[in-house]
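Right, one structure below, let's go through it.
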Amino acid sequence: MARLPYVEKDAAAPDQEKILAQVTQKSGKIANIWKLWAHSPLTLETFMPFYKTLMVKTSLDGKLRELAYVKTSLINDCAYCAGSHKAVGIKVGVTEQQLKELDQFESSSAFSPVEKLVLRYAEELTKKVKTSDELMKELRKHLTETQIVELTVTIGIANLTNRFNVSVATDPD
């Protein structure tokens with residue numbers, strides 16, 4: 001059970017109602033993370049364009065992005081983010097086998113060498129903050145500087161949303 005009350009549209013203050021309208025899915029559903037984050041409409045309103053850009057309009061391959069997001073979420077024990085990003089991952093080409101073998105990705109044949117590098121980077125960045133020079137050197141062989149920045153920001157955002165959801169105990173949607 002969430003540690004804060006959800007902001008529901010019918011009981012929202014005007015500024016909360018405005019941001020909830022912006023995050024309402026086509027189905028009319030509002031994800032629980034946004035109902036909680038709506039307690040601070042200004043920060044949610046500021047965050048959303050950045051998040052949408054990162055999730056849709058970057059040069060980083062969506063499959064690599066989602067593998068990194070899910071791996072980060074699993075490391076942080078954020079079932080909420082892992083679940084929602086597994087679903088997105090499937091849509092962009094992540095396989096069920098890959099999702100099952102994320103914990104043993106290094107020895108799994110389900111991942112390409114680049115996917116393993118991305119997963120290693122997500123793991124190292126999440127656990128240690130500073131990544132090794134060797135790992136960065138290997139990433140630079142396969143990804144552009146732009147893609148490395150986008151991957152780094154993706155992992156950072158995953159860590160942010162993981163900490164938000166774990167701390168306030170966001171219920172699954």
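Letters for chains follow the order of the structure tokens (A, B, ...), residue numbers begin at 1 for each chain, and ligand numbers begin at 1 in the order shown.
Residues lying within 8 Å of range 98-110 of chain A, counting only C-alpha atoms and ignoring same-chain neighbours fewer than 5 positions away, are Lys71, Lys86, Lys116 and Leu119 of chain A.
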Could you produce a table of the residues of range 28-134 of chain A lying within 12 Å of range 139-157 of chain A, with the nearest pair of atoms per residue and their separation in Å rounded to one decimal, using only C-alpha atoms, ordered by chain and increasing residue number, as JSON lines?
```
{"residue": "A:Phe47", "atom": "CA", "partner": "A:Ile157", "partner_atom": "CA", "distance": 10.1}
{"residue": "A:Met48", "atom": "CA", "partner": "A:Ile157", "partner_atom": "CA", "distance": 11.5}
{"residue": "A:Phe50", "atom": "CA", "partner": "A:Ile157", "partner_atom": "CA", "distance": 9.8}
{"residue": "A:Tyr51", "atom": "CA", "partner": "A:Ile157", "partner_atom": "CA", "distance": 7.9}
{"residue": "A:Lys52", "atom": "CA", "partner": "A:Thr154", "partner_atom": "CA", "distance": 11.2}
{"residue": "A:Thr53", "atom": "CA", "partner": "A:Glu150", "partner_atom": "CA", "distance": 10.3}
{"residue": "A:Leu54", "atom": "CA", "partner": "A:Thr154", "partner_atom": "CA", "distance": 7.0}
{"residue": "A:Met55", "atom": "CA", "partner": "A:Thr154", "partner_atom": "CA", "distance": 8.3}
{"residue": "A:Val56", "atom": "CA", "partner": "A:Glu150", "partner_atom": "CA", "distance": 11.4}
{"residue": "A:Lys57", "atom": "CA", "partner": "A:Glu150", "partner_atom": "CA", "distance": 10.3}
{"residue": "A:Thr58", "atom": "CA", "partner": "A:Glu150", "partner_atom": "CA", "distance": 7.1}
{"residue": "A:Ser59", "atom": "CA", "partner": "A:Gln147", "partner_atom": "CA", "distance": 6.1}
{"residue": "A:Leu60", "atom": "CA", "partner": "A:Gln147", "partner_atom": "CA", "distance": 5.0}
{"residue": "A:Asp61", "atom": "CA", "partner": "A:Gln147", "partner_atom": "CA", "distance": 8.4}
{"residue": "A:Gly62", "atom": "CA", "partner": "A:Leu151", "partner_atom": "CA", "distance": 10.2}
{"residue": "A:Lys63", "atom": "CA", "partner": "A:Leu151", "partner_atom": "CA", "distance": 11.3}
{"residue": "A:Leu64", "atom": "CA", "partner": "A:Leu151", "partner_atom": "CA", "distance": 8.2}
{"residue": "A:Arg65", "atom": "CA", "partner": "A:Leu151", "partner_atom": "CA", "distance": 6.5}
{"residue": "A:Glu66", "atom": "CA", "partner": "A:Thr154", "partner_atom": "CA", "distance": 8.8}
{"residue": "A:Leu67", "atom": "CA", "partner": "A:Ile155", "partner_atom": "CA", "distance": 10.0}
{"residue": "A:Ala68", "atom": "CA", "partner": "A:Ile155", "partner_atom": "CA", "distance": 6.4}
{"residue": "A:Tyr69", "atom": "CA", "partner": "A:Ile155", "partner_atom": "CA", "distance": 6.1}
{"residue": "A:Val70", "atom": "CA", "partner": "A:Ile155", "partner_atom": "CA", "distance": 9.4}
{"residue": "A:Lys71", "atom": "CA", "partner": "A:Ile155", "partner_atom": "CA", "distance": 9.1}
{"residue": "A:Thr72", "atom": "CA", "partner": "A:Ile155", "partner_atom": "CA", "distance": 6.6}
{"residue": "A:Ser73", "atom": "CA", "partner": "A:Ile155", "partner_atom": "CA", "distance": 9.1}
{"residue": "A:Leu74", "atom": "CA", "partner": "A:Ile155", "partner_atom": "CA", "distance": 12.0}
{"residue": "A:Ile75", "atom": "CA", "partner": "A:Ile155", "partner_atom": "CA", "distance": 11.4}
{"residue": "A:Asn76", "atom": "CA", "partner": "A:Ile155", "partner_atom": "CA", "distance": 11.4}
{"residue": "A:Cys81", "atom": "CA", "partner": "A:Ile157", "partner_atom": "CA", "distance": 10.8}
{"residue": "A:His85", "atom": "CA", "partner": "A:Thr154", "partner_atom": "CA", "distance": 11.9}
{"residue": "A:Ser112", "atom": "CA", "partner": "A:His142", "partner_atom": "CA", "distance": 11.6}
{"residue": "A:Pro113", "atom": "CA", "partner": "A:His142", "partner_atom": "CA", "distance": 9.5}
{"residue": "A:Val114", "atom": "CA", "partner": "A:His142", "partner_atom": "CA", "distance": 6.8}
{"residue": "A:Glu115", "atom": "CA", "partner": "A:His142", "partner_atom": "CA", "distance": 10.2}
{"residue": "A:Lys116", "atom": "CA", "partner": "A:Leu139", "partner_atom": "CA", "distance": 10.2}
{"residue": "A:Leu117", "atom": "CA", "partner": "A:Leu139", "partner_atom": "CA", "distance": 6.6}
{"residue": "A:Val118", "atom": "CA", "partner": "A:Leu139", "partner_atom": "CA", "distance": 7.6}
{"residue": "A:Leu119", "atom": "CA", "partner": "A:Ile155", "partner_atom": "CA", "distance": 10.1}
{"residue": "A:Arg120", "atom": "CA", "partner": "A:Leu139", "partner_atom": "CA", "distance": 10.0}
{"residue": "A:Tyr121", "atom": "CA", "partner": "A:Leu139", "partner_atom": "CA", "distance": 8.4}
{"residue": "A:Ala122", "atom": "CA", "partner": "A:Ile155", "partner_atom": "CA", "distance": 6.1}
{"residue": "A:Glu123", "atom": "CA", "partner": "A:Ile155", "partner_atom": "CA", "distance": 9.2}
{"residue": "A:Glu124", "atom": "CA", "partner": "A:Ile155", "partner_atom": "CA", "distance": 10.4}
{"residue": "A:Leu125", "atom": "CA", "partner": "A:Ile155", "partner_atom": "CA", "distance": 7.6}
{"residue": "A:Thr126", "atom": "CA", "partner": "A:Ile155", "partner_atom": "CA", "distance": 7.4}
{"residue": "A:Lys127", "atom": "CA", "partner": "A:Ile155", "partner_atom": "CA", "distance": 11.2}
{"residue": "A:Val129", "atom": "CA", "partner": "A:Gly156", "partner_atom": "CA", "distance": 9.6}
{"residue": "A:Lys130", "atom": "CA", "partner": "A:Thr152", "partner_atom": "CA", "distance": 11.1}
{"residue": "A:Thr131", "atom": "CA", "partner": "A:Thr152", "partner_atom": "CA", "distance": 10.5}
{"residue": "A:Ser132", "atom": "CA", "partner": "A:Leu139", "partner_atom": "CA", "distance": 10.8}
{"residue": "A:Asp133", "atom": "CA", "partner": "A:Leu139", "partner_atom": "CA", "distance": 9.9}
{"residue": "A:Glu134", "atom": "CA", "partner": "A:Leu139", "partner_atom": "CA", "distance": 8.7}
```
Point to revise | Sel. of alpha helix (DSSP H) residues, chain A, as number ranges by chain | key: A: 14-23, 32-37, 41-56, 62-75, 79-91, 96-100, 113-128, 133-142, 145-168
Check your understanding: If you count only C-alpha atoms, which residues fall within 12 Å of range 13-18 of chain A, apart from same-chain ones fewer than 6 positions away, as a count of residues only?
Key -> 16
